[in-house]
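Listing of coords39.cif; format and content: mmCIF, C-alpha atoms.
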```cif
data_entry
loop_
_atom_site.group_PDB
_atom_site.id
_atom_site.type_symbol
_atom_site.label_atom_id
_atom_site.label_comp_id
_atom_site.auth_asym_id
_atom_site.auth_seq_id
_atom_site.Cartn_x
_atom_site.Cartn_y
_atom_site.Cartn_z
ATOM 1 C CA MET P 132 21.301 -34.199 -36.449
ATOM 2 C CA THR P 133 21.082 -36.920 -39.612
ATOM 3 C CA PRO P 134 19.517 -37.834 -38.675
ATOM 4 C CA GLY P 135 17.174 -42.036 -38.064
ATOM 5 C CA LEU P 136 20.246 -44.167 -38.047
ATOM 6 C CA HIS P 137 21.328 -47.664 -37.104
ATOM 7 C CA ALA P 138 23.456 -48.185 -33.990
ATOM 8 C CA ALA P 139 26.550 -48.778 -36.179
ATOM 9 C CA ASP P 140 25.962 -45.443 -37.931
ATOM 10 C CA LEU P 141 25.476 -43.735 -34.580
ATOM 11 C CA ARG P 142 28.698 -45.288 -33.281
ATOM 12 C CA ARG P 143 30.558 -43.934 -36.323
ATOM 13 C CA ILE P 144 29.020 -40.480 -35.759
ATOM 14 C CA PHE P 145 29.916 -40.655 -32.071
ATOM 15 C CA HIS P 146 33.559 -41.419 -32.883
ATOM 16 C CA GLN P 147 33.672 -38.655 -35.507
ATOM 17 C CA LEU P 148 32.344 -36.146 -32.982
ATOM 18 C CA ASP P 149 34.690 -37.363 -30.241
ATOM 19 C CA ARG P 150 37.575 -35.348 -31.640
ATOM 20 C CA ASN P 151 39.914 -35.900 -28.698
ATOM 21 C CA GLY P 152 39.252 -39.669 -28.668
ATOM 22 C CA ASP P 153 38.453 -39.898 -24.960
ATOM 23 C CA GLY P 154 35.284 -41.946 -25.536
ATOM 24 C CA LEU P 155 33.081 -39.086 -24.330
ATOM 25 C CA LEU P 156 31.153 -36.351 -26.093
ATOM 26 C CA SER P 157 31.292 -32.963 -24.446
ATOM 27 C CA ILE P 158 28.252 -30.724 -24.355
ATOM 28 C CA ASP P 159 30.001 -28.525 -26.928
ATOM 29 C CA GLU P 160 30.517 -31.476 -29.293
ATOM 30 C CA LEU P 161 26.888 -32.516 -28.857
ATOM 31 C CA GLY P 162 25.736 -28.925 -29.355
ATOM 32 C CA TRP P 163 27.773 -28.714 -32.568
ATOM 33 C CA LEU P 164 25.918 -31.761 -33.922
ATOM 34 C CA LEU P 165 22.503 -30.370 -32.969
ATOM 35 C CA ASP P 166 23.370 -27.043 -34.624
ATOM 36 C CA ARG P 167 24.349 -28.872 -37.830
ATOM 37 C CA ILE P 168 21.129 -30.873 -37.857
ATOM 38 C CA GLY P 169 19.318 -27.566 -37.891
ATOM 39 C CA SER P 170 16.069 -28.574 -36.197
ATOM 40 C CA SER P 171 14.448 -25.599 -34.498
ATOM 41 C CA SER P 172 13.194 -27.835 -31.695
ATOM 42 C CA LEU P 173 16.778 -28.959 -30.975
ATOM 43 C CA GLN P 174 18.323 -25.532 -30.410
ATOM 44 C CA PHE P 175 19.846 -25.330 -26.929
ATOM 45 C CA THR P 176 22.408 -23.164 -25.205
ATOM 46 C CA SER P 177 25.272 -25.135 -23.659
ATOM 47 C CA ASP P 178 23.745 -24.642 -20.207
ATOM 48 C CA GLU P 179 20.288 -25.801 -21.381
ATOM 49 C CA LEU P 180 21.796 -28.831 -23.082
ATOM 50 C CA GLU P 181 23.836 -29.762 -20.020
ATOM 51 C CA SER P 182 20.762 -29.341 -17.837
ATOM 52 C CA SER P 183 18.716 -31.477 -20.232
ATOM 53 C CA VAL P 184 21.370 -34.196 -20.413
ATOM 54 C CA GLY P 185 22.172 -33.978 -16.721
ATOM 55 C CA LYS P 186 25.945 -34.009 -17.122
ATOM 56 C CA SER P 187 28.775 -32.375 -19.048
ATOM 57 C CA THR P 188 29.812 -35.426 -21.096
ATOM 58 C CA LEU P 189 28.134 -38.484 -22.619
ATOM 59 C CA ASP P 190 29.553 -41.926 -23.295
ATOM 60 C CA PHE P 191 28.248 -43.853 -26.310
ATOM 61 C CA ASP P 192 25.345 -45.516 -24.456
ATOM 62 C CA GLU P 193 24.237 -42.158 -23.054
ATOM 63 C CA PHE P 194 24.573 -40.595 -26.514
ATOM 64 C CA LEU P 195 22.422 -43.408 -27.939
ATOM 65 C CA ALA P 196 19.768 -42.835 -25.248
ATOM 66 C CA PHE P 197 19.856 -39.074 -25.907
ATOM 67 C CA TYR P 198 19.482 -39.663 -29.658
ATOM 68 C CA ARG P 199 16.534 -42.014 -29.122
ATOM 69 C CA SER P 200 14.848 -39.539 -26.777
ATOM 70 C CA ILE P 201 15.062 -36.883 -29.488
ATOM 71 C CA GLU P 202 13.738 -39.276 -32.122
ATOM 72 C CA ASP P 203 10.875 -40.265 -29.811
ATOM 73 C CA GLY P 204 9.823 -36.645 -29.633
ATOM 74 C CA GLY P 205 11.514 -35.820 -26.350
ATOM 75 C CA GLY P 206 8.615 -33.516 -25.692
ATOM 76 C CA GLY P 207 8.525 -33.818 -21.945
ATOM 77 C CA GLY P 208 5.024 -32.843 -20.914
ATOM 78 C CA GLU P 209 3.545 -32.457 -24.377
ATOM 79 C CA SER P 210 0.498 -34.461 -25.368
ATOM 80 C CA GLY P 211 0.776 -37.335 -27.836
ATOM 81 C CA THR P 212 -0.754 -35.257 -30.607
ATOM 82 C CA SER P 213 1.684 -32.396 -30.003
ATOM 83 C CA VAL P 214 4.634 -34.791 -29.914
ATOM 84 C CA ALA P 215 3.472 -36.473 -33.134
ATOM 85 C CA ALA P 216 3.056 -33.088 -34.809
ATOM 86 C CA ALA P 217 6.471 -31.961 -33.565
ATOM 87 C CA VAL P 218 8.081 -35.160 -34.825
ATOM 88 C CA GLU P 219 6.388 -34.699 -38.211
ATOM 89 C CA ARG P 220 7.655 -31.095 -38.395
ATOM 90 C CA ASP P 221 11.162 -32.207 -37.432
ATOM 91 C CA LEU P 222 11.075 -34.929 -40.080
ATOM 92 C CA GLU P 223 9.973 -32.378 -42.682
ATOM 93 C CA GLU P 224 12.769 -30.062 -41.585
ATOM 94 C CA ALA P 225 15.325 -32.873 -41.690
ATOM 95 C CA PHE P 226 14.088 -33.909 -45.126
ATOM 96 C CA ARG P 227 14.601 -30.355 -46.390
ATOM 97 C CA VAL P 228 18.172 -30.395 -45.039
ATOM 98 C CA PHE P 229 18.954 -33.402 -47.246
ATOM 99 C CA ASP P 230 16.839 -32.322 -50.249
ATOM 100 C CA LEU P 231 19.387 -29.745 -51.364
ATOM 101 C CA ASN P 232 17.707 -28.771 -54.637
ATOM 102 C CA GLY P 233 14.190 -28.717 -53.137
ATOM 103 C CA ASP P 234 12.699 -31.110 -55.703
ATOM 104 C CA GLY P 235 11.039 -33.349 -53.095
ATOM 105 C CA PHE P 236 13.579 -36.176 -53.353
ATOM 106 C CA ILE P 237 16.842 -37.101 -51.650
ATOM 107 C CA THR P 238 19.432 -38.459 -54.061
ATOM 108 C CA SER P 239 22.557 -40.382 -53.085
ATOM 109 C CA GLU P 240 24.588 -37.342 -54.179
ATOM 110 C CA GLU P 241 22.606 -35.023 -51.897
ATOM 111 C CA LEU P 242 22.994 -37.459 -49.003
ATOM 112 C CA GLN P 243 26.759 -37.603 -49.519
ATOM 113 C CA LYS P 244 27.040 -33.784 -49.719
ATOM 114 C CA VAL P 245 25.123 -33.298 -46.468
ATOM 115 C CA LEU P 246 27.089 -36.023 -44.668
ATOM 116 C CA SER P 247 30.303 -34.399 -45.925
ATOM 117 C CA ARG P 248 29.155 -30.988 -44.721
ATOM 118 C CA LEU P 249 28.464 -32.482 -41.297
ATOM 119 C CA GLY P 250 31.910 -34.069 -41.262
ATOM 120 C CA LEU P 251 30.334 -37.534 -41.246
ATOM 121 C CA TRP P 252 31.510 -38.705 -44.671
ATOM 122 C CA ASP P 253 34.939 -40.086 -45.376
ATOM 123 C CA GLU P 254 35.404 -41.061 -49.008
ATOM 124 C CA THR P 255 37.994 -43.692 -48.113
ATOM 125 C CA THR P 256 35.803 -45.482 -45.565
ATOM 126 C CA GLY P 257 32.314 -44.231 -46.384
ATOM 127 C CA LYS P 258 29.583 -46.521 -47.609
ATOM 128 C CA ASP P 259 28.104 -45.928 -51.012
ATOM 129 C CA CYS P 260 25.110 -43.666 -50.426
ATOM 130 C CA ARG P 261 23.121 -45.579 -53.042
ATOM 131 C CA ARG P 262 23.374 -48.641 -50.787
ATOM 132 C CA MET P 263 22.306 -46.553 -47.802
ATOM 133 C CA ILE P 264 19.175 -45.388 -49.649
ATOM 134 C CA SER P 265 18.178 -48.594 -51.458
ATOM 135 C CA PRO P 266 16.618 -50.531 -48.523
ATOM 136 C CA TYR P 267 14.137 -47.673 -48.027
ATOM 137 C CA ASP P 268 13.497 -46.889 -51.703
ATOM 138 C CA THR P 269 10.226 -48.808 -51.922
ATOM 139 C CA ASN P 270 9.335 -47.693 -55.446
ATOM 140 C CA LEU P 271 12.883 -48.413 -56.706
ATOM 141 C CA ASP P 272 13.355 -45.028 -58.382
ATOM 142 C CA GLY P 273 16.808 -44.522 -56.829
ATOM 143 C CA VAL P 274 15.782 -41.603 -54.604
ATOM 144 C CA LEU P 275 13.858 -41.122 -51.368
ATOM 145 C CA ASP P 276 10.613 -39.188 -51.303
ATOM 146 C CA PHE P 277 9.311 -37.833 -47.990
ATOM 147 C CA ASP P 278 7.242 -40.936 -47.127
ATOM 148 C CA GLU P 279 10.215 -43.231 -47.782
ATOM 149 C CA PHE P 280 12.390 -40.905 -45.688
ATOM 150 C CA LYS P 281 9.865 -41.007 -42.813
ATOM 151 C CA ASN P 282 9.761 -44.811 -42.974
ATOM 152 C CA MET P 283 13.543 -44.934 -42.956
ATOM 153 C CA MET P 284 13.741 -42.654 -39.934
ATOM 154 C CA ARG P 285 11.133 -44.609 -38.015
ATOM 155 C CA GLU P 286 12.633 -47.999 -38.890
ATOM 156 C CA THR P 287 16.212 -47.072 -38.063
ATOM 157 C CA THR P 288 15.310 -45.480 -34.735
ATOM 158 C CA SER P 289 13.369 -48.544 -33.625
ATOM 159 C CA SER P 290 16.304 -50.869 -34.449
#
```
Starting from the file, lay out its structure as structure tokens.
Amino acid sequence: MTPGLHAADLRRIFHQLDRNGDGLLSIDELGWLLDRIGSSSLQFTSDELESSVGKSTLDFDEFLAFYRSIEDGGGGGESGTSVAAAVERDLEEAFRVFDLNGDGFITSEELQKVLSRLGLWDETTGKDCRRMISPYDTNLDGVLDFDEFKNMMRETTSS
């Protein structure tokens, strides 16, 4: 999924995914998001996802808890080292999703293209991607390298 995001960003994503506007995400809607994120550790059948979630729909608070469990590694019985390694691999995979040209940096243009592809970008209401990147761009070069991306993901998931 987009991944490390603030609660306001997650709320916007939730409402975008909630296509019928009932305030609930179905397992299919949640599965669609996980497929778009593209993380190999987040690939579930609908039955597996429903079993993992424990129900067929999620309200926003449940979606937020599910998102945080994924960001925390969600590894169940795995050891801390395995969870940390899995999280690192997932972060690398997520970084590659956003780094469209493979140059090792995420530009505001790449971020906007990926968000658009995921159906999470609306040009009329969307924030400027440069402003989304700038708080995490510690060397002020206008792009995110992998370390800045990791810091962003960790900071936004702990908020």
What separation in Å, quoted to one decimal, exists between atom CA of Glu160 of chain P and atom CA of Arg248 of chain P? 15.5 Å
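Between atom CA of Val184 of chain P and atom CA of Leu165 of chain P the interatomic distance comes to 13.2 Å.
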Distance criterion (only C-alpha atoms): nearest to Leu164 of chain P out of P:Leu148, P:Ala139, P:Val228, P:Val245: P:Leu148
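Minimum atom-to-atom distances from P:Leu275, P:Cys260, P:Met284, P:Ala138 to Leu195 of chain P were compared using only C-alpha atoms, and the lowest value belongs to P:Ala138.
Residues with any atom within 12 Å of Asp272 of chain P, counting only C-alpha atoms and excluding same-chain neighbours fewer than 4 positions away, are Phe236, Ile237, Thr238, Ser239, Arg261, Ile264, Ser265, Pro266, Tyr267, Asp268, Asp276 and Glu279 of chain P.
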Atom CA of Lys186 of chain P sits from atom CA of Ile158 of chain P at a separation of 8.3 Å
Tell me which residues the PyMOL selection byres ((chain P and resi 140-144) around 9) grabs here, as a ChimeraX atom specification. /P:136-139,145-149,191,194-195,198,250-251
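Nearest to Gly154 of chain P of all the residues P:Asp278, P:Glu224, P:Val218, P:Asp190 is P:Asp190, counting all atoms listed in the file.
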